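coords_34.txt follows (compact mmCIF, C-alpha atoms and all ligand atoms):
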# COMPACT_ATOMS: atom_id res chain seq x y z
CA MET N 286 100.53 -3.30 20.34
CA LYS N 287 101.19 0.13 21.89
CA ILE N 288 98.82 2.10 24.12
CA TYR N 289 99.48 5.64 25.30
CA VAL N 290 97.84 6.65 28.59
CA PHE N 291 96.98 10.28 29.39
CA GLY N 292 96.10 12.02 32.64
CA VAL N 293 97.52 9.37 34.99
CA ARG N 294 96.97 10.44 38.60
CA GLY N 295 99.29 9.30 41.38
CA ASP N 296 96.70 6.81 42.63
CA GLU N 297 96.41 5.26 39.16
CA GLU N 298 100.12 4.60 38.68
CA ALA N 299 100.31 1.39 40.73
CA PRO N 300 97.33 -0.33 39.07
CA LEU N 301 98.53 0.84 35.64
CA LYS N 302 102.00 -0.61 36.21
CA LYS N 303 100.45 -3.84 37.53
CA TRP N 304 98.24 -4.07 34.43
CA ALA N 305 101.30 -3.52 32.21
CA SER N 306 103.24 -6.28 34.02
CA GLU N 307 100.32 -8.67 33.50
CA ASN N 308 100.07 -7.75 29.81
CA PRO N 309 103.64 -8.02 28.51
CA ASP N 310 102.35 -8.22 24.92
CA VAL N 311 101.25 -4.58 25.22
CA SER N 312 103.77 -1.79 25.34
CA ILE N 313 102.55 1.26 27.26
CA ASP N 314 103.78 4.73 28.02
CA TYR N 315 102.00 7.39 30.03
CA THR N 316 101.94 10.96 31.25
CA THR N 317 100.31 12.78 34.13
CA ASP N 318 99.27 15.43 31.61
CA ILE N 319 95.76 15.35 30.23
CA LEU N 320 95.10 15.03 26.51
CA THR N 321 95.41 18.42 24.80
CA SER N 322 96.46 19.55 21.33
CA GLU N 323 100.03 19.86 22.70
CA THR N 324 100.29 16.60 24.65
CA ALA N 325 98.60 14.64 21.84
CA ASP N 326 102.06 14.54 20.20
CA ASN N 327 103.13 12.02 22.88
CA ALA N 328 100.84 9.43 21.29
CA LYS N 329 102.59 9.50 17.89
CA GLY N 330 103.61 5.96 17.00
CA PHE N 331 101.07 4.38 19.38
CA ASP N 332 98.06 2.33 18.29
CA GLY N 333 95.51 3.43 20.86
CA VAL N 334 94.87 5.87 23.68
CA CYS N 335 93.48 5.62 27.21
CA SER N 336 92.59 8.78 29.11
CA VAL N 337 90.64 10.47 31.85
CA GLN N 338 90.09 14.18 32.49
CA ARG N 339 87.53 16.66 33.76
CA GLU N 340 88.38 19.24 31.09
CA PRO N 341 86.75 18.99 27.65
CA TYR N 342 88.57 17.03 24.94
CA SER N 343 89.48 19.47 22.18
CA ARG N 344 88.82 18.88 18.50
CA GLU N 345 92.46 19.76 17.78
CA ALA N 346 93.72 17.01 20.11
CA LEU N 347 91.40 14.43 18.55
CA LYS N 348 92.41 15.53 15.04
CA LYS N 349 96.08 15.06 15.92
CA LEU N 350 95.41 11.53 17.20
CA HIS N 351 93.47 10.85 14.00
CA ASP N 352 96.37 12.14 11.89
CA PHE N 353 98.67 9.74 13.80
CA GLY N 354 96.40 6.89 12.71
CA ILE N 355 94.75 6.45 16.11
CA SER N 356 91.01 5.71 16.08
CA LYS N 357 90.43 3.91 19.39
CA LEU N 358 90.01 5.82 22.63
CA SER N 359 89.13 4.37 26.03
CA VAL N 360 88.23 6.61 28.95
CA ARG N 361 88.70 5.39 32.51
CA ASN N 362 85.40 6.80 33.78
CA VAL N 363 81.70 6.74 32.95
CA GLY N 364 81.33 10.30 31.74
CA THR N 365 81.65 11.18 28.08
CA ASP N 366 80.23 14.68 28.31
CA GLY N 367 83.76 16.10 27.82
CA PHE N 368 83.54 15.06 24.17
CA ASP N 369 81.77 16.73 21.31
CA TYR N 370 80.42 13.59 19.65
CA LYS N 371 80.61 15.34 16.26
CA ASP N 372 84.40 15.51 16.65
CA LEU N 373 84.56 11.79 17.47
CA ASN N 374 82.37 10.93 14.49
CA ASP N 375 84.22 13.27 12.09
CA PHE N 376 87.48 11.51 12.95
CA SER N 377 85.91 8.01 13.04
CA PHE N 378 86.78 7.27 16.67
CA THR N 379 85.53 4.26 18.57
CA LEU N 380 85.06 5.40 22.17
CA THR N 381 84.71 3.16 25.20
CA ASN N 382 84.03 4.02 28.83
CA VAL N 383 83.79 2.18 32.17
CA PRO N 384 80.08 2.21 33.03
CA VAL N 385 80.38 0.21 36.27
CA TYR N 386 83.50 0.04 38.42
CA SER N 387 82.42 -0.41 42.03
CA PRO N 388 78.78 0.26 42.96
CA ASN N 389 79.67 -0.48 46.60
CA ALA N 390 82.02 2.51 46.70
CA ILE N 391 79.14 4.92 46.10
CA ALA N 392 76.51 2.96 48.04
CA GLU N 393 78.74 2.72 51.12
CA HIS N 394 79.52 6.43 50.90
CA ALA N 395 75.81 7.25 50.75
CA SER N 396 75.21 5.10 53.81
CA PHE N 397 78.01 6.91 55.69
CA LEU N 398 76.37 10.24 54.86
CA VAL N 399 73.11 8.97 56.34
CA GLY N 400 74.89 7.78 59.48
CA ARG N 401 76.95 10.93 59.93
CA LEU N 402 73.87 13.13 59.54
CA LEU N 403 71.63 11.17 61.87
CA ARG N 404 74.30 10.91 64.58
CA ARG N 405 75.11 14.63 64.14
CA VAL N 406 78.80 13.99 63.55
CA PRO N 407 79.61 17.52 62.26
CA GLU N 408 78.32 18.97 65.55
CA PHE N 409 80.21 16.42 67.64
CA ASP N 410 83.38 17.13 65.63
CA LYS N 411 83.08 20.85 66.36
CA LYS N 412 82.50 20.20 70.07
CA PHE N 413 85.42 17.78 70.16
CA GLU N 414 87.78 20.32 68.55
CA ASN N 415 86.86 22.70 71.38
CA GLY N 416 87.52 20.10 74.06
CA ASN N 417 83.81 19.72 74.75
CA PHE N 418 83.09 16.04 75.32
CA LYS N 419 79.52 16.40 76.63
CA TRP N 420 76.78 14.37 74.93
CA ALA N 421 73.86 16.73 75.37
CA PRO N 422 72.18 18.31 73.58
CA THR N 423 73.55 16.55 70.51
CA ILE N 424 71.24 13.56 70.63
CA GLY N 425 71.15 11.32 67.56
CA THR N 426 68.56 9.38 65.62
CA GLU N 427 68.76 5.69 64.68
CA ILE N 428 68.43 4.49 61.11
CA SER N 429 66.81 1.32 62.33
CA GLY N 430 63.06 1.58 61.97
CA LYS N 431 63.23 4.66 59.74
CA THR N 432 61.76 4.54 56.25
CA VAL N 433 64.49 4.95 53.66
CA GLY N 434 63.30 5.87 50.15
CA VAL N 435 65.63 4.84 47.34
CA ILE N 436 65.06 6.57 44.01
CA GLY N 437 66.72 4.51 41.26
CA THR N 438 67.61 0.91 42.01
CA GLY N 439 70.26 0.05 39.44
CA HIS N 440 73.85 -0.91 40.20
CA ILE N 441 74.31 1.56 43.07
CA GLY N 442 70.78 2.05 44.41
CA SER N 443 70.26 -1.71 44.78
CA VAL N 444 73.41 -2.04 46.93
CA PHE N 445 72.38 0.99 49.01
CA ALA N 446 68.88 -0.47 49.50
CA ARG N 447 70.36 -3.75 50.78
CA ILE N 448 72.78 -1.96 53.12
CA MET N 449 69.91 0.04 54.60
CA GLN N 450 67.52 -2.89 54.90
CA PHE N 451 69.79 -5.75 55.94
CA GLY N 452 72.64 -3.79 57.52
CA TYR N 453 70.73 -1.17 59.48
CA GLY N 454 67.25 -2.62 59.71
CA ALA N 455 65.56 0.30 58.01
CA LYS N 456 62.25 -0.08 56.24
CA VAL N 457 63.26 0.42 52.62
CA ILE N 458 60.90 1.63 49.93
CA ALA N 459 62.01 2.25 46.35
CA TYR N 460 60.87 3.90 43.17
CA ASP N 461 62.28 3.11 39.75
CA ILE N 462 60.86 3.75 36.27
CA ASP N 463 62.16 0.28 35.42
CA PRO N 464 62.20 -1.80 38.62
CA ASN N 465 65.18 -4.10 39.14
CA PRO N 466 64.05 -7.77 38.92
CA ALA N 467 66.76 -8.69 41.45
CA LEU N 468 64.92 -6.63 44.08
CA GLU N 469 61.35 -7.58 43.22
CA ASN N 470 61.29 -10.28 45.93
CA LEU N 471 62.01 -7.66 48.61
CA GLY N 472 58.60 -6.08 48.03
CA ILE N 473 60.03 -2.60 48.39
CA TYR N 474 58.70 -0.86 45.29
CA VAL N 475 56.09 1.87 45.47
CA ASP N 476 54.20 2.92 42.35
CA SER N 477 55.16 6.58 42.10
CA LEU N 478 57.79 9.08 43.09
CA ASP N 479 55.14 11.03 45.03
CA GLU N 480 54.35 7.96 47.13
CA LEU N 481 58.03 7.62 48.02
CA LEU N 482 58.39 11.33 48.82
CA GLU N 483 55.35 11.20 51.10
CA GLN N 484 56.43 8.11 53.05
CA ALA N 485 60.22 8.29 53.41
CA ASP N 486 62.14 9.75 56.34
CA ILE N 487 65.41 9.54 54.41
CA ILE N 488 65.49 9.91 50.62
CA SER N 489 68.52 8.83 48.60
CA LEU N 490 68.93 9.51 44.89
CA HIS N 491 70.56 6.96 42.58
CA THR N 492 69.27 7.76 39.09
CA PRO N 493 71.15 9.14 36.10
CA LEU N 494 70.47 12.75 35.12
CA GLU N 495 68.24 12.56 32.08
CA PRO N 496 67.05 15.92 30.77
CA GLN N 497 63.51 15.32 32.12
CA ASP N 498 64.93 14.59 35.59
CA TYR N 499 66.74 17.92 35.99
CA HIS N 500 65.74 19.23 39.44
CA MET N 501 63.68 16.11 40.17
CA ILE N 502 63.88 17.32 43.77
CA ASP N 503 62.55 20.87 43.53
CA ALA N 504 60.31 22.98 45.78
CA ASP N 505 57.24 21.03 44.70
CA ALA N 506 58.87 17.66 45.47
CA ILE N 507 60.11 18.93 48.84
CA SER N 508 56.63 20.16 49.71
CA LYS N 509 55.41 16.55 49.41
CA MET N 510 58.03 15.19 51.83
CA LYS N 511 57.49 14.46 55.50
CA GLN N 512 58.43 17.19 57.95
CA GLY N 513 62.06 16.66 58.97
CA SER N 514 63.14 14.50 56.01
CA TYR N 515 66.75 13.88 55.07
CA ILE N 516 68.01 14.04 51.48
CA ILE N 517 71.08 12.18 50.23
CA ASN N 518 72.45 12.81 46.74
CA CYS N 519 75.42 10.76 45.54
CA ALA N 520 74.07 10.57 41.99
CA ARG N 521 74.09 13.76 39.92
CA GLY N 522 74.03 17.32 41.16
CA GLY N 523 71.38 18.46 38.69
CA LEU N 524 68.81 16.16 40.28
CA VAL N 525 68.43 18.51 43.27
CA ASP N 526 67.57 22.21 43.05
CA SER N 527 70.04 23.70 45.56
CA GLN N 528 67.88 26.79 46.17
CA ALA N 529 64.82 24.65 46.94
CA LEU N 530 66.99 22.58 49.29
CA ILE N 531 68.22 25.73 51.06
CA ASP N 532 64.61 26.89 51.46
CA GLY N 533 63.62 23.45 52.77
CA LEU N 534 66.46 23.52 55.32
CA ASP N 535 65.50 27.05 56.38
CA SER N 536 61.89 26.08 56.99
CA GLY N 537 62.84 22.86 58.81
CA LYS N 538 60.98 20.73 56.29
CA ILE N 539 64.37 19.20 55.51
CA ALA N 540 66.25 18.10 58.63
CA GLY N 541 69.56 17.55 56.85
CA ALA N 542 71.27 16.75 53.58
CA GLY N 543 74.25 14.67 52.54
CA LEU N 544 75.58 15.78 49.17
CA ASP N 545 78.40 14.26 47.17
CA VAL N 546 77.24 16.14 44.09
CA LEU N 547 75.80 19.62 43.60
CA ASP N 548 73.96 21.23 40.71
CA ASN N 549 76.78 23.77 40.34
CA GLU N 550 79.80 21.72 41.37
CA ASN N 551 81.79 22.36 38.19
CA GLY N 552 84.43 24.96 38.89
CA ILE N 553 84.29 24.18 42.62
CA PHE N 554 85.15 20.54 43.19
CA GLN N 555 88.74 19.42 42.57
CA LYS N 556 89.99 22.91 43.39
CA ASP N 557 91.66 24.24 46.54
CA PHE N 558 90.15 27.57 47.63
CA GLY N 559 91.90 27.75 50.99
CA SER N 560 88.62 28.44 52.78
CA ILE N 561 84.87 28.05 52.30
CA ASP N 562 84.50 31.84 52.25
CA ALA N 563 86.70 32.02 49.17
CA VAL N 564 84.40 29.75 47.13
CA PRO N 565 82.73 31.97 44.52
CA ASN N 566 79.28 30.46 44.90
CA GLU N 567 76.73 31.72 47.42
CA LYS N 568 74.52 28.61 47.41
CA PHE N 569 77.52 26.38 48.00
CA LYS N 570 78.66 28.55 50.92
CA ASN N 571 75.17 28.61 52.37
CA LEU N 572 74.96 24.81 52.33
CA ALA N 573 78.57 24.18 53.38
CA LYS N 574 78.25 26.28 56.53
CA ARG N 575 75.32 24.36 57.97
CA ASP N 576 75.84 21.75 60.68
CA ASN N 577 73.07 19.62 59.23
CA VAL N 578 74.54 19.51 55.73
CA ILE N 579 77.50 17.33 54.84
CA ILE N 580 79.17 17.97 51.50
CA THR N 581 81.79 15.65 50.06
CA PRO N 582 83.45 16.83 46.83
CA HIS N 583 82.27 14.07 44.46
CA THR N 584 84.43 11.54 46.25
CA ALA N 585 81.90 8.72 46.63
CA PHE N 586 83.56 6.74 43.85
CA TYR N 587 87.10 7.37 45.08
CA THR N 588 88.32 4.10 46.56
CA LYS N 589 91.36 1.97 45.78
CA LYS N 590 89.14 -0.78 44.43
CA ALA N 591 87.18 1.58 42.16
CA VAL N 592 90.33 3.23 40.79
CA HIS N 593 91.91 -0.19 40.19
CA ASN N 594 88.78 -1.34 38.34
CA MET N 595 88.62 1.85 36.25
CA VAL N 596 92.23 1.41 35.09
CA TYR N 597 91.93 -2.33 34.45
CA GLU N 598 88.56 -2.15 32.68
CA ALA N 599 89.64 0.72 30.40
CA MET N 600 92.98 -0.89 29.54
CA ASP N 601 91.40 -4.34 28.97
CA THR N 602 88.82 -2.74 26.71
CA GLN N 603 91.41 -0.77 24.74
CA LYS N 604 93.51 -3.91 24.28
CA ALA N 605 90.46 -5.86 23.09
CA LEU N 606 89.55 -3.07 20.67
CA LEU N 607 93.05 -3.00 19.21
CA SER N 608 93.00 -6.80 18.92
CA GLY N 609 89.89 -6.49 16.78
CA GLU N 610 87.74 -8.27 19.35
CA ILE N 611 84.12 -7.33 19.77
CA THR N 612 84.15 -5.59 23.10
CA LYS N 613 81.72 -4.25 25.67
CA ASN N 614 81.60 -0.64 26.89
CA ILE N 615 81.42 0.92 23.41
CA VAL N 616 79.77 4.33 23.68
CA ASP N 617 77.07 5.08 21.14
CA THR N 618 78.34 8.43 19.92
CA LYS N 619 75.13 8.97 17.97
CA GLU N 620 73.38 9.42 21.33
CA PHE N 621 73.61 12.13 23.99
CA ALA N 622 76.85 12.33 25.93
CA LYS N 623 76.76 10.58 29.29
CA THR N 624 77.69 12.60 32.32
CA VAL N 625 79.81 11.89 35.45
N1 LIG N 701 79.11 10.24 43.26
C1 LIG N 701 79.85 9.45 42.52
O1 LIG N 701 81.08 9.38 42.70
C2 LIG N 701 79.21 8.59 41.45
C3 LIG N 701 79.95 7.55 40.87
C4 LIG N 701 79.34 6.72 39.94
C5 LIG N 701 78.02 6.95 39.56
N2 LIG N 701 77.34 8.00 40.09
C6 LIG N 701 75.95 8.28 39.71
O2 LIG N 701 75.08 7.39 40.39
C7 LIG N 701 73.84 7.28 39.66
C8 LIG N 701 73.41 5.83 39.58
O3 LIG N 701 74.39 5.08 38.88
P1 LIG N 701 74.15 3.51 38.57
O4 LIG N 701 75.44 2.98 38.05
O5 LIG N 701 73.47 2.87 39.70
O6 LIG N 701 73.11 3.64 37.37
P2 LIG N 701 72.19 2.50 36.80
O7 LIG N 701 71.93 2.86 35.38
O8 LIG N 701 72.73 1.15 37.12
O9 LIG N 701 70.81 2.67 37.64
C9 LIG N 701 70.00 3.77 37.52
C10 LIG N 701 68.59 3.37 37.86
O10 LIG N 701 67.78 4.54 37.90
C11 LIG N 701 66.53 4.24 37.27
N3 LIG N 701 65.94 5.50 36.83
C12 LIG N 701 66.25 6.25 35.74
N4 LIG N 701 65.49 7.36 35.71
C13 LIG N 701 64.68 7.31 36.79
C14 LIG N 701 63.68 8.15 37.32
N5 LIG N 701 63.35 9.31 36.71
N6 LIG N 701 63.04 7.79 38.43
C15 LIG N 701 63.34 6.62 39.05
N7 LIG N 701 64.28 5.76 38.61
C16 LIG N 701 64.94 6.11 37.50
C17 LIG N 701 66.89 3.28 36.15
O11 LIG N 701 65.76 2.55 35.72
C18 LIG N 701 67.96 2.42 36.84
O12 LIG N 701 67.38 1.32 37.50
C19 LIG N 701 74.13 7.94 38.31
O13 LIG N 701 73.61 9.24 38.33
C20 LIG N 701 75.62 8.02 38.25
O14 LIG N 701 76.05 9.07 37.43
C21 LIG N 701 77.91 8.81 41.05
Output the file's structure as structure tokens, nothing else.
Amino acid sequence: MKIYVFGVRGDEEAPLKKWASENPDVSIDYTTDILTSETADNAKGFDGVCSVQREPYSREALKKLHDFGISKLSVRNVGTDGFDYKDLNDFSFTLTNVPVYSPNAIAEHASFLVGRLLRRVPEFDKKFENGNFKWAPTIGTEISGKTVGVIGTGHIGSVFARIMQFGYGAKVIAYDIDPNPALENLGIYVDSLDELLEQADIISLHTPLEPQDYHMIDADAISKMKQGSYIINCARGGLVDSQALIDGLDSGKIAGAGLDVLDNENGIFQKDFGSIDAVPNEKFKNLAKRDNVIITPHTAFYTKKAVHNMVYEAMDTQKALLSGEITKNIVDTKEFAKTV
């Protein structure tokens, strides 16, 4: 059995080689190049393909794979929005993804954003760089005793809720359209999003971005929040209206925001602009220059454990597919493409 692997980043090489050494019955080859109509030629003579990339998958590349007799494709991430599902269906592809790879990676990152905001770390960092080691007036706030509102309590939100409640001693409340039975005994659920917005001091988003949830946090939602609330978004950028957030920060209604995702992050994240001023996006610049906003460039997932799990899960799934086994993680390409 032969699997060709596209788009291998430096941090993926070690786990990929380890996987190959543990699966001597599978012969692999790989490239750092992403899958394009040109690089697709590399996969000639292979049985299946594993890939990851931020750029869209072209119809020409998929047609070439199809012409080489390849019909199984495993991506090493959740997101399948880089595919036109019509192309996959036209060429009879079976597509798999990695829906869960390390919820803790994202939940921990969200908790760090809360901590860094409340202890005013960006301001302390600036003072430190200038040799100013005075405490005042940069006084912090404790998470303990604050009400943390968790929107979406699936794989990631449930871990975040536990970190906040049992790690920091926050009062956690949660809203979910389909509450998680594993959390029911904590008695944290409120009945509506409005209730959560009205009660929480810190609001953290952990839902997918369904079309009806686009800009779930807009001016109207912000108007319902407590004065001086904090917003954390490590889920999907489109859940928060950046302009409404900017207005909320300007008015003081929002005390701070921790953002790993932004509604217009495409074309910004994963690029090196040399300076914030060079970023061609006014809303991004506005947010990035504030001391009470922390932006991380969609790095919440980016841990050694998560990358290892993404490589292993995708390769295991591809191997199972090629072995004719019924496997998990098959993407329903009749549905909408998943994002992230
Ligand atoms: N920043 C990153 O690096 C990163 C990495 C992985 C995942 N994510 C994102 O994190 C989010 C959560 O991922 P997950 O694996 O926990 O998903 P999940 O499917 O396990 O959980 C999502 C939860 O949200 C609930 N939900 C859906 N719509 C809702 C709504 N309108 N209001 C309230 N609850 C709602 C669901 O019922 C479910 O319990 C997703 O948006 C995902 O794309 C971000």
Which neighbours of Glu340 in chain N fall inside 12 Å, counting all atoms listed in the file, when residues of the same chain fewer than 3 positions from it are skipped, and could you give them as a PyMOL selection string? chain N and resi 292+318-321+336-337+343+364-368+551-552+555
Using all atoms listed in the file, find each residue with an atom at most 9 Å away from ligand LIG 701 (chain N) and format the answer as a tab-separated table (two decimals) with C-alpha atoms, keeping the file's coordinate frame.
chain	number	residue	atom	x	y	z
N	362	ASN	CA	85.40	6.80	33.78
N	363	VAL	CA	81.70	6.74	32.95
N	364	GLY	CA	81.33	10.30	31.74
N	384	PRO	CA	80.08	2.21	33.03
N	385	VAL	CA	80.38	0.21	36.27
N	386	TYR	CA	83.50	0.04	38.42
N	387	SER	CA	82.42	-0.41	42.03
N	388	PRO	CA	78.78	0.26	42.96
N	390	ALA	CA	82.02	2.51	46.70
N	391	ILE	CA	79.14	4.92	46.10
N	392	ALA	CA	76.51	2.96	48.04
N	394	HIS	CA	79.52	6.43	50.90
N	395	ALA	CA	75.81	7.25	50.75
N	435	VAL	CA	65.63	4.84	47.34
N	436	ILE	CA	65.06	6.57	44.01
N	437	GLY	CA	66.72	4.51	41.26
N	438	THR	CA	67.61	0.91	42.01
N	439	GLY	CA	70.26	0.05	39.44
N	440	HIS	CA	73.85	-0.91	40.20
N	441	ILE	CA	74.31	1.56	43.07
N	442	GLY	CA	70.78	2.05	44.41
N	443	SER	CA	70.26	-1.71	44.78
N	444	VAL	CA	73.41	-2.04	46.93
N	459	ALA	CA	62.01	2.25	46.35
N	460	TYR	CA	60.87	3.90	43.17
N	461	ASP	CA	62.28	3.11	39.75
N	462	ILE	CA	60.86	3.75	36.27
N	463	ASP	CA	62.16	0.28	35.42
N	464	PRO	CA	62.20	-1.80	38.62
N	465	ASN	CA	65.18	-4.10	39.14
N	477	SER	CA	55.16	6.58	42.10
N	478	LEU	CA	57.79	9.08	43.09
N	490	LEU	CA	68.93	9.51	44.89
N	491	HIS	CA	70.56	6.96	42.58
N	492	THR	CA	69.27	7.76	39.09
N	493	PRO	CA	71.15	9.14	36.10
N	494	LEU	CA	70.47	12.75	35.12
N	495	GLU	CA	68.24	12.56	32.08
N	497	GLN	CA	63.51	15.32	32.12
N	498	ASP	CA	64.93	14.59	35.59
N	501	MET	CA	63.68	16.11	40.17
N	518	ASN	CA	72.45	12.81	46.74
N	519	CYS	CA	75.42	10.76	45.54
N	520	ALA	CA	74.07	10.57	41.99
N	521	ARG	CA	74.09	13.76	39.92
N	522	GLY	CA	74.03	17.32	41.16
N	524	LEU	CA	68.81	16.16	40.28
N	544	LEU	CA	75.58	15.78	49.17
N	545	ASP	CA	78.40	14.26	47.17
N	546	VAL	CA	77.24	16.14	44.09
N	582	PRO	CA	83.45	16.83	46.83
N	583	HIS	CA	82.27	14.07	44.46
N	584	THR	CA	84.43	11.54	46.25
N	585	ALA	CA	81.90	8.72	46.63
N	586	PHE	CA	83.56	6.74	43.85
N	587	TYR	CA	87.10	7.37	45.08
N	623	LYS	CA	76.76	10.58	29.29
N	624	THR	CA	77.69	12.60	32.32
N	625	VAL	CA	79.81	11.89	35.45
So that I can see what lies close to Ala485 in chain N, please list as a list in words the residues with an atom at most 9 Å from it, counting all atoms listed in the file and leaving out residues fewer than 2 positions away in the same chain.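 The filter keeps Lys431, Thr432, Val433, Gly434, Val435, Val457, Ile458, Glu480, Leu481, Leu482, Glu483, Ile487, Ile488, Met510, Lys511, Ser514 and Tyr515 of chain N.
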Residue nearest Gln450 in chain N - candidates N:Leu301, N:Leu380, N:Ile428, N:Ala467, atoms counted: only C-alpha atoms: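 Closest candidate: N:Ile428.
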Which centre and edge lengths in Å to one decimal define the box along x, y and z that fits every listed atom of range 409-420 of chain N plus 8 Å per side, as JSON?
{"center_x": 82.3, "center_y": 18.5, "center_z": 71.1, "size_x": 27.0, "size_y": 24.3, "size_z": 27.0}
Using Å and a single decimal, report how far CA of Arg405 in chain N sits from CA of Gly425 in chain N.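 CA of Arg405 in chain N lies 6.2 Å from CA of Gly425 in chain N.
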For Asn571 in chain N, find every residue with an atom within 12 Å (counting only C-alpha atoms), except residues of its own chain fewer than 6 positions away, and show them as a ChimeraX atom specification. /N:527-528,530-532,534-535,561-562,564-565,577-580
Work out how far CA of Glu414 in chain N is from CA of Ala563 in chain N, in Å to one decimal.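 Between these atoms lies a distance of 22.7 Å.
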Across N:Asn417, N:Gln484, N:Asn614, N:Gln338, the smallest distance to Ala599 in chain N, with all atoms listed in the file counted, is shown by N:Asn614
Can you list, as a PDB file with C-alpha atoms, keeping the file's coordinate frame, every protein, DNA or RNA residue that comes within 12 Å of Asp326 in chain N when you count all atoms listed in the file, leaving out same-chain residues fewer than 6 positions away?
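Output (out05.pdb):
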ATOM      1  CA  TYR N 289      99.480   5.640  25.300  1.00  0.00           C
ATOM      2  CA  PHE N 291      96.980  10.280  29.390  1.00  0.00           C
ATOM      3  CA  THR N 316     101.940  10.960  31.250  1.00  0.00           C
ATOM      4  CA  ASP N 318      99.270  15.430  31.610  1.00  0.00           C
ATOM      5  CA  ILE N 319      95.760  15.350  30.230  1.00  0.00           C
ATOM      6  CA  LEU N 320      95.100  15.030  26.510  1.00  0.00           C
ATOM      7  CA  VAL N 334      94.870   5.870  23.680  1.00  0.00           C
ATOM      8  CA  GLU N 345      92.460  19.760  17.780  1.00  0.00           C
ATOM      9  CA  ALA N 346      93.720  17.010  20.110  1.00  0.00           C
ATOM     10  CA  LEU N 347      91.400  14.430  18.550  1.00  0.00           C
ATOM     11  CA  LYS N 348      92.410  15.530  15.040  1.00  0.00           C
ATOM     12  CA  LYS N 349      96.080  15.060  15.920  1.00  0.00           C
ATOM     13  CA  LEU N 350      95.410  11.530  17.200  1.00  0.00           C
ATOM     14  CA  HIS N 351      93.470  10.850  14.000  1.00  0.00           C
ATOM     15  CA  ASP N 352      96.370  12.140  11.890  1.00  0.00           C
ATOM     16  CA  PHE N 353      98.670   9.740  13.800  1.00  0.00           C
ATOM     17  CA  ILE N 355      94.750   6.450  16.110  1.00  0.00           C
TER      18      ILE N 355
END
Rounded to one decimal place, report the CA of Phe445 in chain N-CA of Tyr474 in chain N distance in Å.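 Computing it gives 14.3 Å between the two atoms.
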Could you check the closest approach to Ser608 in chain N for each of N:Glu427, N:Glu393, N:Asp369, N:Asp310 and tell me which residue wins, using all atoms listed in the file? N:Asp310
